[in-house]
Every structure is written in structure tokens, then in C-alpha cells.
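Trainee: Next comes the structure file my_file-v1.pdb, holding PDB, C-alpha atoms.
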ATOM      1  CA  MET A   1     266.023  58.951  96.988
ATOM      2  CA  THR A   2     262.914  57.117  95.876
ATOM      3  CA  THR A   3     260.943  54.998  98.257
ATOM      4  CA  VAL A   4     258.668  52.214  97.186
ATOM      5  CA  ALA A   5     255.606  51.293  99.136
ATOM      6  CA  PRO A   6     255.571  47.615 100.001
ATOM      7  CA  ARG A   7     253.048  45.582  98.098
ATOM      8  CA  PRO A   8     251.113  42.839  99.802
ATOM      9  CA  VAL A   9     252.374  39.424  98.870
ATOM     10  CA  PRO A  10     249.592  37.022  97.933
ATOM     11  CA  LEU A  11     249.413  34.105 100.294
ATOM     12  CA  PRO A  12     249.161  30.678  98.809
ATOM     13  CA  CYS A  13     245.664  29.292  98.922
ATOM     14  CA  PRO A  14     245.354  26.141 100.934
ATOM     15  CA  SER A  15     244.704  23.301  98.564
ATOM     16  CA  ARG A  16     241.142  22.152  98.697
ATOM     17  CA  PRO A  17     240.396  18.518  98.463
ATOM     18  CA  ARG A  18     239.149  17.950  94.975
ATOM     19  CA  ALA A  19     235.554  16.955  94.578
ATOM     20  CA  THR A  20     235.042  13.433  93.376
ATOM     21  CA  ARG A  21     232.925  13.106  90.268
ATOM     22  CA  VAL A  22     230.732  10.004  90.196
ATOM     23  CA  ARG A  23     228.981   8.744  87.078
ATOM     24  CA  THR A  24     227.385   5.611  85.737
ATOM     25  CA  ALA A  25     229.866   3.324  84.012
ATOM     26  CA  GLY A  26     229.592   2.514  80.343
ATOM     27  CA  SER A  27     230.667  -0.500  78.344
ATOM     28  CA  GLY A  28     233.944   1.273  77.560
ATOM     29  CA  ASP A  29     234.805   1.202  81.276
ATOM     30  CA  ALA A  30     234.777  -2.593  81.599
ATOM     31  CA  ALA A  31     238.555  -3.074  81.288
ATOM     32  CA  ALA A  32     239.256  -0.310  83.830
ATOM     33  CA  LEU A  33     236.711  -1.813  86.262
ATOM     34  CA  ALA A  34     238.382  -5.218  85.980
ATOM     35  CA  GLU A  35     241.853  -3.699  86.411
ATOM     36  CA  LEU A  36     240.821  -1.662  89.470
ATOM     37  CA  SER A  37     239.188  -4.724  91.056
ATOM     38  CA  ARG A  38     242.020  -7.209  90.451
ATOM     39  CA  PRO A  39     244.247  -6.293  93.439
ATOM     40  CA  PHE A  40     241.241  -6.467  95.775
ATOM     41  CA  ALA A  41     240.307  -9.899  94.447
ATOM     42  CA  ARG A  42     243.914 -11.106  94.849
ATOM     43  CA  SER A  43     243.937  -9.913  98.473
ATOM     44  CA  GLY A  44     240.630 -11.675  99.188
ATOM     45  CA  ALA A  45     238.708  -8.451  99.814
ATOM     46  CA  LEU A  46     236.591  -9.035  96.686
ATOM     47  CA  ARG A  47     235.376 -12.168  94.999
ATOM     48  CA  GLU A  48     237.188 -13.046  91.798
ATOM     49  CA  ARG A  49     235.041 -12.068  88.823
ATOM     50  CA  PRO A  50     235.713 -12.693  85.143
ATOM     51  CA  ASP A  51     236.449  -9.657  82.981
ATOM     52  CA  SER A  52     233.351 -10.544  80.937
ATOM     53  CA  LEU A  53     231.162  -9.775  83.975
ATOM     54  CA  TYR A  54     232.361  -6.163  83.985
ATOM     55  CA  ALA A  55     231.487  -5.870  80.303
ATOM     56  CA  ALA A  56     228.070  -7.485  80.731
ATOM     57  CA  ARG A  57     227.144  -5.496  83.847
ATOM     58  CA  ALA A  58     228.925  -2.176  83.264
ATOM     59  CA  ALA A  59     225.618  -0.274  83.469
ATOM     60  CA  GLU A  60     225.170  -1.496  87.072
ATOM     61  CA  PHE A  61     228.356   0.258  88.173
ATOM     62  CA  LEU A  62     228.975   3.718  89.511
ATOM     63  CA  VAL A  63     232.514   4.969  89.020
ATOM     64  CA  ALA A  64     234.499   7.711  90.716
ATOM     65  CA  VAL A  65     236.496   9.558  88.103
ATOM     66  CA  GLY A  66     239.748  11.394  88.784
ATOM     67  CA  SER A  67     240.831  14.698  87.279
ATOM     68  CA  ASP A  68     242.773  12.751  84.635
ATOM     69  CA  GLY A  69     239.620  10.847  83.627
ATOM     70  CA  GLY A  70     240.822   7.580  85.170
ATOM     71  CA  ILE A  71     238.575   5.441  87.338
ATOM     72  CA  GLU A  72     239.560   5.693  91.009
ATOM     73  CA  GLY A  73     236.740   3.707  92.565
ATOM     74  CA  CYS A  74     233.626   1.714  91.742
ATOM     75  CA  VAL A  75     230.589   0.001  93.177
ATOM     76  CA  GLY A  76     227.976  -2.163  91.510
ATOM     77  CA  LEU A  77     224.278  -1.762  92.338
ATOM     78  CA  ARG A  78     222.117  -4.696  91.348
ATOM     79  CA  VAL A  79     218.344  -4.549  91.797
ATOM     80  CA  HIS A  80     216.551  -7.680  93.028
ATOM     81  CA  GLU A  81     212.799  -7.935  92.685
ATOM     82  CA  GLY A  82     210.516 -10.659  93.887
ATOM     83  CA  GLU A  83     209.344 -12.341  97.029
ATOM     84  CA  GLY A  84     207.460  -9.138  97.825
ATOM     85  CA  ALA A  85     210.697  -7.151  98.048
ATOM     86  CA  HIS A  86     212.352  -4.576  95.873
ATOM     87  CA  ALA A  87     215.898  -4.338  97.192
ATOM     88  CA  GLY A  88     219.337  -3.502  95.887
ATOM     89  CA  VAL A  89     222.695  -5.094  96.502
ATOM     90  CA  LEU A  90     225.954  -3.169  96.492
ATOM     91  CA  TYR A  91     228.863  -5.272  95.290
ATOM     92  CA  ASN A  92     232.439  -4.972  94.087
ATOM     93  CA  PHE A  93     233.021  -1.789  96.120
ATOM     94  CA  CYS A  94     236.638  -0.715  95.791
ATOM     95  CA  VAL A  95     238.758   2.434  95.769
ATOM     96  CA  ALA A  96     242.276   2.672  94.340
ATOM     97  CA  GLY A  97     244.897   2.604  97.073
ATOM     98  CA  HIS A  98     246.211   6.109  96.364
ATOM     99  CA  ARG A  99     242.672   7.551  96.760
ATOM    100  CA  GLN A 100     241.590   5.708  99.911
ATOM    101  CA  GLY A 101     240.783   7.962 102.853
ATOM    102  CA  ARG A 102     240.072  10.927 100.577
ATOM    103  CA  GLY A 103     236.280  10.744 100.297
ATOM    104  CA  VAL A 104     236.051   8.636  97.146
ATOM    105  CA  GLY A 105     234.258   5.750  98.885
ATOM    106  CA  GLY A 106     231.873   8.162 100.602
ATOM    107  CA  ALA A 107     231.043   9.846  97.291
ATOM    108  CA  LEU A 108     230.314   6.466  95.709
ATOM    109  CA  LEU A 109     228.162   5.396  98.643
ATOM    110  CA  ARG A 110     226.173   8.661  98.758
ATOM    111  CA  THR A 111     225.489   8.351  95.041
ATOM    112  CA  ALA A 112     224.438   4.703  95.395
ATOM    113  CA  LEU A 113     222.032   5.622  98.214
ATOM    114  CA  ALA A 114     220.535   8.431  96.133
ATOM    115  CA  LEU A 115     220.183   6.107  93.146
ATOM    116  CA  GLY A 116     218.513   3.484  95.323
ATOM    117  CA  ARG A 117     215.988   6.070  96.482
ATOM    118  CA  THR A 118     215.194   7.158  92.911
ATOM    119  CA  GLN A 119     214.615   3.504  92.019
ATOM    120  CA  VAL A 120     212.285   3.255  95.041
ATOM    121  CA  LEU A 121     214.203   0.404  96.614
ATOM    122  CA  GLY A 122     213.114  -0.631 100.083
ATOM    123  CA  ALA A 123     216.655  -1.418 101.226
ATOM    124  CA  LEU A 124     220.251  -1.803 100.141
ATOM    125  CA  PHE A 125     222.347  -4.808 101.169
ATOM    126  CA  THR A 126     226.053  -5.495 100.961
ATOM    127  CA  ALA A 127     228.532  -8.073 102.192
ATOM    128  CA  THR A 128     232.040  -7.251 103.330
ATOM    129  CA  THR A 129     234.980  -9.200 104.657
ATOM    130  CA  GLY A 130     236.135  -6.010 106.388
ATOM    131  CA  ASP A 131     234.682  -4.252 109.409
ATOM    132  CA  GLY A 132     232.088  -2.315 107.390
ATOM    133  CA  ARG A 133     233.052   0.981 109.023
ATOM    134  CA  LEU A 134     232.245   3.115 105.971
ATOM    135  CA  PHE A 135     228.891   1.415 105.470
ATOM    136  CA  ARG A 136     228.026   1.857 109.163
ATOM    137  CA  ARG A 137     228.778   5.587 108.906
ATOM    138  CA  TYR A 138     226.069   5.751 106.265
ATOM    139  CA  GLY A 139     223.450   3.951 108.317
ATOM    140  CA  PHE A 140     224.037   0.318 107.387
ATOM    141  CA  ALA A 141     223.607  -2.206 110.178
ATOM    142  CA  PRO A 142     224.202  -5.950 110.498
ATOM    143  CA  ALA A 143     221.558  -8.088 108.795
ATOM    144  CA  THR A 144     220.968 -11.771 108.205
ATOM    145  CA  ALA A 145     220.960 -13.709 104.961
ATOM    146  CA  ARG A 146     217.224 -14.304 105.512
ATOM    147  CA  GLN A 147     216.546 -10.563 105.268
ATOM    148  CA  ALA A 148     218.515 -10.222 102.027
ATOM    149  CA  PRO A 149     217.394 -11.040  98.495
ATOM    150  CA  ARG A 150     217.396 -14.849  98.366
ATOM    151  CA  VAL A 151     219.319 -15.291  95.093
ATOM    152  CA  TRP A 152     222.090 -12.970  96.276
ATOM    153  CA  ALA A 153     222.278 -14.473  99.772
ATOM    154  CA  GLU A 154     222.570 -17.963  98.289
ATOM    155  CA  SER A 155     225.442 -16.795  96.083
ATOM    156  CA  LEU A 156     227.576 -15.754  99.065
ATOM    157  CA  ASP A 157     230.532 -18.020  99.746
ATOM    158  CA  PRO A 158     230.311 -19.129 103.403
ATOM    159  CA  ARG A 159     234.104 -19.662 103.469
ATOM    160  CA  ARG A 160     234.561 -15.899 103.128
ATOM    161  CA  ASN A 161     232.716 -15.294 106.416
ATOM    162  CA  ALA A 162     231.361 -12.006 105.087
ATOM    163  CA  LEU A 163     229.425  -9.586 107.235
ATOM    164  CA  ILE A 164     226.007  -8.808 105.719
ATOM    165  CA  LEU A 165     224.891  -5.223 106.187
ATOM    166  CA  ALA A 166     221.631  -3.499 105.220
ATOM    167  CA  ARG A 167     220.112  -0.057 105.175
ATOM    168  CA  ALA A 168     216.458   0.822 104.721
ATOM    169  CA  LEU A 169     215.836   3.577 102.188
TER     170      LEU A 169
END
Since I need it in another form, could you write the structure as C-alpha cells?
Mentor:
Amino acid sequence: MTTVAPRPVPLPCPSRPRATRVRTAGSGDAAALAELSRPFARSGALRERPDSLYAARAAEFLVAVGSDGGIEGCVGLRVHEGEGAHAGVLYNFCVAGHRQGRGVGGALLRTALALGRTQVLGALFTATTGDGRLFRRYGFAPATARQAPRVWAESLDPRRNALILARAL
């Protein structure tokens, strides 16, 4: 009779959350940016923007890219100079529904903060119709339209009742 020594059975590795890759958008991403943003605009979470804006301002956007190469989230970062201030505005921040709560928004926000620092911005501003919880986790606090870049603050639609948040860099 032959006996066989038991072999250890490999245990399955717990799946690690995949790291989100963030990059600057290119002109070829404009259609995907518009498509990702559309449901958020329809729900009222984002302002409606023409597709041409995404093409014209693609270089202002950071995008979170999935393992399949598709865009899972985005945020625009527009620099405003003048009036003695050098500040940035985050806009059109959205994450695809199937990726929300998985660190995509945090990865976009960390990258935007780092980019703002490299551009030596004094502060970053944003406006949200939500509670701003993610922004607050990253040090944003309520601000007034007077503190924000004038051109941007004047472009806000008062009917949206957006919360203005800011973070010094």
C-alpha cells in the first residue's frame, strides 16, 4: 500500500481593490467625458454643458481610467488668475455609478490637489448641489462667492443653490 503525503492547498488570495489610474484627458476623450457627464446633468447634479465644451477644454480634465481603458470618472480644473489671486476651480466632478464608493473620486481629488500645488495655486474652489462630504474629507470648507474667483462665482446659477467650498493649498 502506497501512502501519499497531503499537499497544502493554495488559499485564494483576497481580491485587492484595484488601483485607480488618473491621467490628463486628451481631445480624444471629449465624447467619453460628455457621455459620462450626461446622466449627472439630467439628474441636476451637474450643469448641462454642450459636447463642444468637452472638446474645447479636454486638457483641463483629469480622468480616472478603468482596467478596460474606459473613463470611470472625471473632474475639470480651471485656473483663474487676476484680482491678486491665483486660484483653481474644480468642476464637472463625476464618477460612473458602478464605480462610486470605490475610491475613484478620492483618486481624482488627490490628483487635482497635487496638480493645484504644482501650479502654485493659492486655493481650489468648487460648487456642489450635494453635501460635499468627499470634498470635506479632503480639507474643503464652506466659502462665499466673494472669496471665489469673480468670473466663476458670477457664472453660478443661483437657482441651483450650490454649496461653495474652498481649500487653501
Trainee: Spell out the residues picked by the PyMOL selection byres ((chain A and resi 88-90) around 9) here, as a PyMOL selection string.
Mentor: chain A and resi 75-81+86-87+91-93+112+116+121-127+148-149+152+166
Trainee: Identify, on the basis of only C-alpha atoms, every residue whose closest approach to range 23-34 of chain A does not exceed 6 Å; exclude the query and any residue fewer than 2 positions from it along the same chain; express the result as a list in words.
Mentor: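 Counting only C-alpha atoms, the residues come to Leu36, Ser37, Asp51, Tyr54, Ala55, Ala58, Ala59, Phe61, Leu62 and Val63 of chain A.
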Trainee: Report the residues retrieved by the PyMOL selection byres ((chain A and resi 159-162) around 6) from the displayed file, expressed as a PyMOL selection string.
Mentor: chain A and resi 127-129+157-158+163
Trainee: Which one is closest to Thr20 in chain A: A:Arg117, A:Arg102, A:Arg133, A:Arg146? Count all atoms listed in the file.
Mentor: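 Looking only at the distances to Thr20 in chain A, the closest residue turns out to be A:Arg102.
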Trainee: Which residues are near Gly106 in chain A? Cut-off 10 Å, only C-alpha atoms, ignore same chain within fewer than 5 positions. Put them as a ChimeraX atom specification.
Mentor: /A:20,101,111-112,134-135,137-138
Trainee: Keeping only C-alpha atoms, write the selected residues as a short mmCIF file (atom, residue, chain, number, x, y, z; two decimals), in the coordinates of the input.
Mentor:
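The resulting result-v4.cif:
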data_model
loop_
_atom_site.label_atom_id
_atom_site.label_comp_id
_atom_site.auth_asym_id
_atom_site.auth_seq_id
_atom_site.Cartn_x
_atom_site.Cartn_y
_atom_site.Cartn_z
CA THR A 20 235.04 13.43 93.38
CA GLY A 101 240.78 7.96 102.85
CA THR A 111 225.49 8.35 95.04
CA ALA A 112 224.44 4.70 95.40
CA LEU A 134 232.24 3.12 105.97
CA PHE A 135 228.89 1.42 105.47
CA ARG A 137 228.78 5.59 108.91
CA TYR A 138 226.07 5.75 106.26
#
Trainee: Using only C-alpha atoms, which of the listed residues (A:Ala41, A:Gly97, A:Arg21, A:Ser52) sits closest to Asp68 in chain A?
Mentor: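 For Asp68 in chain A, the nearest of the candidates is A:Arg21.
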Trainee: With distances taken over all atoms listed in the file, which of A:Glu35, A:Leu113, A:Gly139, A:Arg47 is nearest to Ser155 in chain A?
Mentor: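 Closest to Ser155 in chain A, using all atoms listed in the file: A:Arg47.
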Trainee: Distance CA of Val95 in chain A-CA of Pro39 in chain A, one decimal place?
Mentor: 10.6 Å
Trainee: Selection in question (the file shown): the PyMOL selection byres ((chain A and resi 72) around 8). Which residues does it include, as a list in words?
Mentor: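 Output of the PyMOL selection byres ((chain A and resi 72) around 8): Leu36, Val63, Ala64, Val65, Gly66, Gly70, Ile71, Gly73, Cys74, Val95, Ala96, Arg99 and Val104 of chain A.
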Trainee: Box for range 135-139 of chain A: with edges along x, y and z, all listed atoms inside and 3 Å added on each side, what are the centre and edge lengths in Å to one decimal, as JSON?
Mentor:
{"center_x": 226.2, "center_y": 3.6, "center_z": 107.3, "size_x": 11.4, "size_y": 10.3, "size_z": 9.7}
Trainee: How many Å separate CA of Gly105 in chain A from CA of Thr118 in chain A?
Mentor: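 Computing the Euclidean distance for CA of Gly105 in chain A and CA of Thr118 in chain A yields 20.0 Å.
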Trainee: Please compute the CA of Pro142 in chain A-CA of Leu115 in chain A distance, one decimal, in Å.
Mentor: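 That distance, rounded to one decimal, is 21.5 Å.
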Trainee: For Gln147 in chain A, which of A:His98, A:Arg167, A:Arg49, A:Arg42 is the closest residue, counting all atoms listed in the file?
Mentor: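 Of the candidates, the smallest distance to Gln147 in chain A is held by A:Arg167.
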Trainee: Taking into account all atoms listed in the file, which residue in the set A:Leu109, A:Leu156, A:Ala168, A:Ala114 is nearest to Leu46 in chain A?
Mentor: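 Checking each candidate against Leu46 in chain A, we get A:Leu156 as the closest.
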